[in-house]
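Enquirer: Below you will find the structure I want to go over with you.
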Amino acid sequence: MSEHPSTERWIDLRSDTVTQPSAAMRAAMAAAPVGDDVYGDDPTVNRLQDFAAELFGFEAGMFAPSGTQTNLIALMTHCGRGDEYLVGQEAHTYKYEGGGAAVLGSIQPQPIANQPDGSIALNDIAAYIKPDDMHFARTRLLALENTIGGRVLPQDYVLAATGLAHDKGLATHLDGARVCNAAVKNGLSLRAQVAGFDTVSVCLSKGLGAPVGSVLLGPKAFIEQGKRWRKMLGGGMRQAGVIAAAAQYALEHNVERLAEDHQNAADLSSGLAQIEQLRVTTPQTNIFYVEIPAAAVAALREHLANQGIRASIGTQTRLVTHLDISRDDVQKTVAAFKDFFKDWRA
Ligand SMILES: *Cc1c(COP(=O)(O)O)cnc(C)c1O
């Protein structure tokens with residue numbers, strides 16, 4: 001059986017969500033015992049939830065179809081109608097989840113500017129917490145994201161911000177879609193990496209390479225309450241062990257190897273930085289950005305596609321490495337960019 005039975009082989013740098021389940025992951029899926037998870041009967045889902053909770057140091061876990069849903073469930077469980085949460089302007093939960101907290105949760109977001117390192121300034125957090133006064137929404141929660149745009153929040157900042165929130169009576173939630181990348185970069189255990197947070201959402205479908213799914217981790221009573229929202233939001237799945245098996249495989253096999261993705265991103269970034277027409281950021285993890293001259297965008301996109309390379313080419317291009325990008329792919333990509341720009345002048 002081939003690794004990738006049904007797809008053409010692209011060098012796909014658009015996102016770390018594009019990975020194909022490996023043969024070993026598919027074998028784990030095929031062999032998984034399953035049951036109806038809405039009844040709590042699926043042994044593979046239960047195993048994943050317990051395994052993830054233990055790994056990250058929480059009482060309980062809940063498997064759900066997407067990170068958008070685990071974040072929304074967390075927000076709706078922490079906050080009620082007329083409550084608000086503090087969140088970064090650039091945060092996924094605020095900017096890229098369709099306004100779900102407001103639309104479906106009647107929760108007011110209080111967006112706050114992100115600093116260049118991705119953090120929200122401690123002074124801003126303190127200043128945006130509303131006093132107990134009938135004019136104001138009730139500030140209930142601080143939500144951070146790590147990594148954010150590929151940046152790892154300084155760990156002393158994370159501890160200070162979550163400490164401040166707790167001192168002010170707020171709960172703390174981490175959108176940890178890529179928190180395993182942060183842990184690997186910091187050389188921290190997953191438990192140490194998520195210290196300070198009451199709840200954490202982790203994507204299995206990003207760099208970890210599972211086809212689908214996220215877990216929400218937190219106290220047992222919180223997760224039990226959250227299951228009601230998950231059902232309401234359409235996330236009650238039945239024989240979900242088939243996909244939970246892939247998520248379990250991902251957590252067991254694909255965390256430490258994220259270091260390879262970080263190295264590949266560093267190599268790709270330094271290769272592209274040699275091209276004088278480009279402005280390239282230095283990655284901390286598996287994501288970085290390239291500024292491309294507007295006049296080159298359309299032709300470059302076509303040139304790369306002809307070489308079997310897919311990327312979200314624009315004036316600000318995000319490039320993402322993952323477990324289906326090899327060292328060889330990195331070299332091919334650098335060569336393709338160099339080939340395009342060697343004679344190109346604006
Ligand atoms: C991908 C992502 C999510 C959740 O995305 P889904 O596609 O809904 O699983 C949440 N937060 C961040 C930072 C993400 O990158």
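Ligands are numbered from 1 in the order shown, chains are lettered A, B, ... in the order of the structure tokens, and residues start at 1 in each chain.
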Find the residues of chain A that sit at most 7 Å from ligand 1; for each, write down the nearest two atoms and how far apart they are in Å, to one decimal. Count only C-alpha atoms and all ligand atoms. Sort by chain, then by number going up, and give it as CSV.

Expert:
```
residue,atom,partner,partner_atom_place_in_ligand_line,distance
A:Ser66,CA,ligand 1,9 (O),3.7
A:Gly67,CA,ligand 1,4 (C),3.5
A:Thr68,CA,ligand 1,8 (O),3.6
A:Gln69,CA,ligand 1,8 (O),6.3
A:Ala91,CA,ligand 1,13 (C),6.8
A:His92,CA,ligand 1,11 (N),4.8
A:Thr93,CA,ligand 1,11 (N),6.4
A:Glu145,CA,ligand 1,13 (C),6.3
A:Ile148,CA,ligand 1,13 (C),6.2
A:Asp175,CA,ligand 1,11 (N),5.6
A:Gly176,CA,ligand 1,13 (C),6.8
A:Ala177,CA,ligand 1,12 (C),4.8
A:Arg178,CA,ligand 1,13 (C),6.8
A:Cys203,CA,ligand 1,9 (O),6.1
A:Ser205,CA,ligand 1,9 (O),6.8
A:Lys206,CA,ligand 1,1 (C),6.8
A:Gly213,CA,ligand 1,9 (O),6.6
A:Ser214,CA,ligand 1,9 (O),6.5
```

Enquirer: Using only C-alpha atoms, determine which residues lie at most 8 Å from Gln49 of chain A, disregarding the query and same-chain residues fewer than 4 positions distant; provide the list as a PyMOL selection string.

Expert: chain A and resi 45+53+60-63+215

Enquirer: Going by DSSP on the backbone, which bits of segment 22-88 of chain A are alpha helix (DSSP H)? Write them as number ranges by chain, please.

Expert: A: 23-31, 43-56, 67-78

Enquirer: Find the residues around Pro43 of chain A up to 9 Å (only C-alpha atoms counted), leave out those fewer than 3 positions away in its own chain, and share them as an NGL selection string.

Expert: :A and (32-35 or 37 or 40 or 46-48 or 241)

Enquirer: Take the residues that were just selected and, keeping N, CA and C atoms, output them as a PDB file, in the first residue's frame.

Expert:
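File written: part_22.pdb
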```pdb
ATOM      1  N   ALA A  32      -9.079   0.195  15.022  1.00  0.00           N
ATOM      2  CA  ALA A  32      -9.624   0.769  16.252  1.00  0.00           C
ATOM      3  C   ALA A  32     -10.969   0.147  16.638  1.00  0.00           C
ATOM      4  N   PRO A  33     -11.108  -0.293  17.907  1.00  0.00           N
ATOM      5  CA  PRO A  33     -12.442  -0.664  18.392  1.00  0.00           C
ATOM      6  C   PRO A  33     -13.279   0.604  18.553  1.00  0.00           C
ATOM      7  N   VAL A  34     -14.553   0.544  18.194  1.00  0.00           N
ATOM      8  CA  VAL A  34     -15.387   1.742  18.249  1.00  0.00           C
ATOM      9  C   VAL A  34     -16.717   1.471  18.939  1.00  0.00           C
ATOM     10  N   GLY A  35     -17.376   2.549  19.336  1.00  0.00           N
ATOM     11  CA  GLY A  35     -18.722   2.473  19.914  1.00  0.00           C
ATOM     12  C   GLY A  35     -19.377   3.819  19.679  1.00  0.00           C
ATOM     13  N   ASP A  37     -20.017   7.299  20.642  1.00  0.00           N
ATOM     14  CA  ASP A  37     -19.415   8.226  21.609  1.00  0.00           C
ATOM     15  C   ASP A  37     -20.434   9.138  22.279  1.00  0.00           C
ATOM     16  N   GLY A  40     -20.977   7.716  25.211  1.00  0.00           N
ATOM     17  CA  GLY A  40     -19.728   7.525  25.960  1.00  0.00           C
ATOM     18  C   GLY A  40     -19.146   6.137  25.794  1.00  0.00           C
ATOM     19  N   ASN A  46     -12.493   7.347  24.298  1.00  0.00           N
ATOM     20  CA  ASN A  46     -12.254   7.458  25.745  1.00  0.00           C
ATOM     21  C   ASN A  46     -10.761   7.370  26.054  1.00  0.00           C
ATOM     22  N   ARG A  47     -10.091   6.473  25.361  1.00  0.00           N
ATOM     23  CA  ARG A  47      -8.647   6.303  25.572  1.00  0.00           C
ATOM     24  C   ARG A  47      -7.911   7.582  25.174  1.00  0.00           C
ATOM     25  N   LEU A  48      -8.272   8.144  24.020  1.00  0.00           N
ATOM     26  CA  LEU A  48      -7.622   9.384  23.566  1.00  0.00           C
ATOM     27  C   LEU A  48      -7.829  10.506  24.576  1.00  0.00           C
ATOM     28  N   GLY A 241     -14.190   6.669  17.112  1.00  0.00           N
ATOM     29  CA  GLY A 241     -12.911   6.017  17.379  1.00  0.00           C
ATOM     30  C   GLY A 241     -12.045   5.898  16.142  1.00  0.00           C
TER      31      GLY A 241
END
```

Enquirer: For atom CA of Thr147 of chain A and atom CA of Ala28 of chain A, determine how far apart the two atoms are, in Å to one decimal place.

Expert: 28.6 Å

Enquirer: Within 12 Å of segment 122-130 of chain A, which residues of segment 63-102 of chain A show up? Give each one with its shortest atom-to-atom distance in Å (one decimal) and the two atoms involved, counting only C-alpha atoms, rows by chain then rising residue number, as JSON lines.

Expert:
```
{"residue": "A:Asp83", "atom": "CA", "partner": "A:Lys130", "partner_atom": "CA", "distance": 10.6}
{"residue": "A:Glu84", "atom": "CA", "partner": "A:Ile129", "partner_atom": "CA", "distance": 9.4}
{"residue": "A:Tyr85", "atom": "CA", "partner": "A:Ile129", "partner_atom": "CA", "distance": 9.2}
{"residue": "A:Leu86", "atom": "CA", "partner": "A:Ile125", "partner_atom": "CA", "distance": 7.4}
{"residue": "A:Val87", "atom": "CA", "partner": "A:Ile125", "partner_atom": "CA", "distance": 9.1}
{"residue": "A:Gly88", "atom": "CA", "partner": "A:Ile125", "partner_atom": "CA", "distance": 10.0}
```

Enquirer: Quick one: write out the picked residues with N, CA and C atoms as a PDB file, in the first residue's frame?

Expert:
```
ATOM      1  N   ASP A  83     -21.364  38.175  29.308  1.00  0.00           N
ATOM      2  CA  ASP A  83     -19.981  38.165  29.801  1.00  0.00           C
ATOM      3  C   ASP A  83     -19.059  38.546  28.647  1.00  0.00           C
ATOM      4  N   GLU A  84     -17.792  38.851  28.984  1.00  0.00           N
ATOM      5  CA  GLU A  84     -16.827  39.117  27.919  1.00  0.00           C
ATOM      6  C   GLU A  84     -15.522  38.385  28.177  1.00  0.00           C
ATOM      7  N   TYR A  85     -14.778  38.218  27.086  1.00  0.00           N
ATOM      8  CA  TYR A  85     -13.443  37.636  27.226  1.00  0.00           C
ATOM      9  C   TYR A  85     -12.430  38.557  26.585  1.00  0.00           C
ATOM     10  N   LEU A  86     -11.238  38.607  27.185  1.00  0.00           N
ATOM     11  CA  LEU A  86     -10.127  39.402  26.663  1.00  0.00           C
ATOM     12  C   LEU A  86      -9.339  38.529  25.692  1.00  0.00           C
ATOM     13  N   VAL A  87      -9.013  39.103  24.531  1.00  0.00           N
ATOM     14  CA  VAL A  87      -8.423  38.288  23.460  1.00  0.00           C
ATOM     15  C   VAL A  87      -7.593  39.191  22.549  1.00  0.00           C
ATOM     16  N   GLY A  88      -6.573  38.642  21.916  1.00  0.00           N
ATOM     17  CA  GLY A  88      -5.746  39.433  21.012  1.00  0.00           C
ATOM     18  C   GLY A  88      -6.459  39.751  19.704  1.00  0.00           C
TER      19      GLY A  88
END
```

Enquirer: Between atom CA of Val18 of chain A and atom CA of Ala244 of chain A, what is the distance in Å, rounded to a tenth?

Expert: 17.9 Å

Enquirer: Report as JSON, numbers by chain all protein, DNA and RNA residues lying within 12 Å of Asp132 of chain A, evaluated on only C-alpha atoms, omitting residues in the same chain fewer than 5 positions from it.

Expert: {"A": [83, 137, 138, 139, 140, 168, 169]}

Enquirer: Could the residues in this selection be saved with C-alpha atoms as a PDB file, in the first residue's frame?

Expert:
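Written out: selection00.pdb:
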```
ATOM      1  CA  ASP A  83     -19.981  38.165  29.801  1.00  0.00           C
ATOM      2  CA  ALA A 137     -20.118  43.447  30.432  1.00  0.00           C
ATOM      3  CA  ARG A 138     -18.664  41.096  33.057  1.00  0.00           C
ATOM      4  CA  THR A 139     -15.034  40.322  32.233  1.00  0.00           C
ATOM      5  CA  ARG A 140     -14.681  36.598  32.843  1.00  0.00           C
ATOM      6  CA  LYS A 168      -8.275  39.496  39.105  1.00  0.00           C
ATOM      7  CA  GLY A 169     -10.737  36.602  39.288  1.00  0.00           C
TER       8      GLY A 169
END
```

Enquirer: Would you pick out the contacts of segment 260-264 of chain A at 7 Å or less, using only C-alpha atoms, so that residues sharing its chain but fewer than 4 positions from it are not included, and give the list as an mmCIF file with all heavy atoms, in the first residue's frame?

Expert:
```
data_model
loop_
_atom_site.group_PDB
_atom_site.id
_atom_site.type_symbol
_atom_site.label_atom_id
_atom_site.label_comp_id
_atom_site.auth_asym_id
_atom_site.auth_seq_id
_atom_site.Cartn_x
_atom_site.Cartn_y
_atom_site.Cartn_z
ATOM 1 N N LEU A 268 14.414 26.697 4.952
ATOM 2 C CA LEU A 268 13.672 27.325 3.852
ATOM 3 C C LEU A 268 13.765 28.847 3.960
ATOM 4 O O LEU A 268 14.022 29.540 2.957
ATOM 5 C CB LEU A 268 12.208 26.859 3.898
ATOM 6 C CG LEU A 268 11.281 27.350 2.796
ATOM 7 C CD1 LEU A 268 11.823 27.016 1.402
ATOM 8 C CD2 LEU A 268 9.876 26.736 2.965
ATOM 9 N N THR A 285 9.158 28.612 14.812
ATOM 10 C CA THR A 285 8.654 27.226 14.756
ATOM 11 C C THR A 285 8.502 26.817 13.287
ATOM 12 O O THR A 285 9.497 26.811 12.567
ATOM 13 C CB THR A 285 7.348 27.072 15.559
ATOM 14 O OG1 THR A 285 6.374 28.017 15.074
ATOM 15 C CG2 THR A 285 7.585 27.301 17.050
ATOM 16 N N ASN A 286 7.272 26.490 12.852
ATOM 17 C CA ASN A 286 7.096 25.947 11.502
ATOM 18 C C ASN A 286 6.431 26.927 10.542
ATOM 19 O O ASN A 286 5.981 26.515 9.464
ATOM 20 C CB ASN A 286 6.272 24.649 11.562
ATOM 21 C CG ASN A 286 4.832 24.881 11.988
ATOM 22 O OD1 ASN A 286 4.564 25.760 12.811
ATOM 23 N ND2 ASN A 286 3.915 24.115 11.443
ATOM 24 N N THR A 321 5.776 24.602 7.198
ATOM 25 C CA THR A 321 6.334 23.261 7.035
ATOM 26 C C THR A 321 5.570 22.274 7.924
ATOM 27 O O THR A 321 4.932 22.657 8.901
ATOM 28 C CB THR A 321 7.831 23.238 7.391
ATOM 29 O OG1 THR A 321 7.993 23.705 8.734
ATOM 30 C CG2 THR A 321 8.638 24.111 6.435
ATOM 31 N N HIS A 322 5.663 20.993 7.573
ATOM 32 C CA HIS A 322 4.890 19.960 8.275
ATOM 33 C C HIS A 322 5.438 18.588 7.918
ATOM 34 O O HIS A 322 6.426 18.496 7.177
ATOM 35 C CB HIS A 322 3.406 20.080 7.899
ATOM 36 C CG HIS A 322 3.165 20.151 6.422
ATOM 37 N ND1 HIS A 322 3.258 19.050 5.605
ATOM 38 C CD2 HIS A 322 2.903 21.205 5.601
ATOM 39 C CE1 HIS A 322 3.014 19.418 4.360
ATOM 40 N NE2 HIS A 322 2.807 20.724 4.319
ATOM 41 N N LEU A 323 4.783 17.539 8.376
ATOM 42 C CA LEU A 323 5.414 16.231 8.248
ATOM 43 C C LEU A 323 5.404 15.666 6.841
ATOM 44 O O LEU A 323 6.109 14.686 6.576
ATOM 45 C CB LEU A 323 4.913 15.246 9.316
ATOM 46 C CG LEU A 323 3.746 14.307 9.159
ATOM 47 C CD1 LEU A 323 3.543 13.571 10.469
ATOM 48 C CD2 LEU A 323 2.519 15.060 8.761
ATOM 49 N N ARG A 327 13.417 17.541 3.702
ATOM 50 C CA ARG A 327 14.587 18.387 3.427
ATOM 51 C C ARG A 327 14.743 18.613 1.930
ATOM 52 O O ARG A 327 15.086 19.700 1.480
ATOM 53 C CB ARG A 327 15.860 17.712 3.957
ATOM 54 C CG ARG A 327 15.949 17.649 5.465
ATOM 55 C CD ARG A 327 17.311 17.095 5.896
ATOM 56 N NE ARG A 327 18.399 17.944 5.414
ATOM 57 C CZ ARG A 327 18.739 19.096 5.980
ATOM 58 N NH1 ARG A 327 18.075 19.524 7.033
ATOM 59 N NH2 ARG A 327 19.721 19.812 5.497
ATOM 60 N N VAL A 330 12.425 21.182 0.660
ATOM 61 C CA VAL A 330 12.911 22.519 1.006
ATOM 62 C C VAL A 330 13.910 22.993 -0.044
ATOM 63 O O VAL A 330 13.830 24.116 -0.555
ATOM 64 C CB VAL A 330 13.561 22.518 2.419
ATOM 65 C CG1 VAL A 330 14.341 23.799 2.669
ATOM 66 C CG2 VAL A 330 12.491 22.314 3.486
#
```

Enquirer: Looking at only C-alpha atoms, which of A:Lys342, A:Ala210, A:Leu233, A:Leu258 is the one that sits closest to Gly105 of chain A?

Expert: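 Of A:Lys342, A:Ala210, A:Leu233, A:Leu258, the one nearest Gly105 of chain A, counting only C-alpha atoms, is A:Leu233.
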
Enquirer: For Asp16 of chain A, which residue among A:Ile313, A:Gly187, A:Val297, A:Pro211 is the nearest when counting only C-alpha atoms?

Expert: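 Once distances to Asp16 of chain A are computed over only C-alpha atoms, the minimum belongs to A:Pro211.
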
Enquirer: Please determine, counting only C-alpha atoms, which residue among A:Ile112, A:Gly82, A:Phe197, A:Tyr289 has the shortest atom-to-atom distance to Met134 of chain A.

Expert: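 For Met134 of chain A, the nearest of the given residues is A:Gly82.
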
Enquirer: Go through segment 25-272 of chain A and collect every residue that DSSP, computed from the backbone, puts in strand (DSSP E or B); the answer should be as a PyMOL selection string.

Expert: chain A and resi 60-64+83-88+108-112+138-145+148+151+171-176+199-203+214-218

Enquirer: Compile the contact shell of Leu190 of chain A as number ranges by chain: residues with an atom at most 12 Å away, counting only C-alpha atoms, same-chain residues fewer than 3 positions apart removed.

Expert: A: 52-58, 176, 178-187, 193-195, 200, 202, 251, 255-256

Enquirer: Please list as a ChimeraX atom specification every residue within 7 Å of Tyr249 of chain A, counting only C-alpha atoms and excluding residues in the same chain fewer than 4 positions away.

Expert: /A:25,245,253

Enquirer: Write the residues of the preceding selection, restricted to N, CA and C atoms, as a PDB file, in the first residue's frame.

Expert:
```pdb
ATOM      1  N   MET A  25      -0.624   5.266  10.482  1.00  0.00           N
ATOM      2  CA  MET A  25      -1.785   5.934  11.077  1.00  0.00           C
ATOM      3  C   MET A  25      -3.084   5.314  10.555  1.00  0.00           C
ATOM      4  N   ALA A 245      -8.427   7.299  16.745  1.00  0.00           N
ATOM      5  CA  ALA A 245      -7.237   6.436  16.648  1.00  0.00           C
ATOM      6  C   ALA A 245      -6.105   7.174  15.938  1.00  0.00           C
ATOM      7  N   HIS A 253       3.287   9.633  18.315  1.00  0.00           N
ATOM      8  CA  HIS A 253       4.430   9.532  17.392  1.00  0.00           C
ATOM      9  C   HIS A 253       4.922  10.850  16.808  1.00  0.00           C
TER      10      HIS A 253
END
```

Enquirer: For Gly226 of chain A, which of A:His78, A:Arg151, A:Arg279, A:Lys338 is the closest residue, counting only C-alpha atoms?

Expert: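 Comparing A:His78, A:Arg151, A:Arg279, A:Lys338 against Gly226 of chain A, the winner is A:His78.
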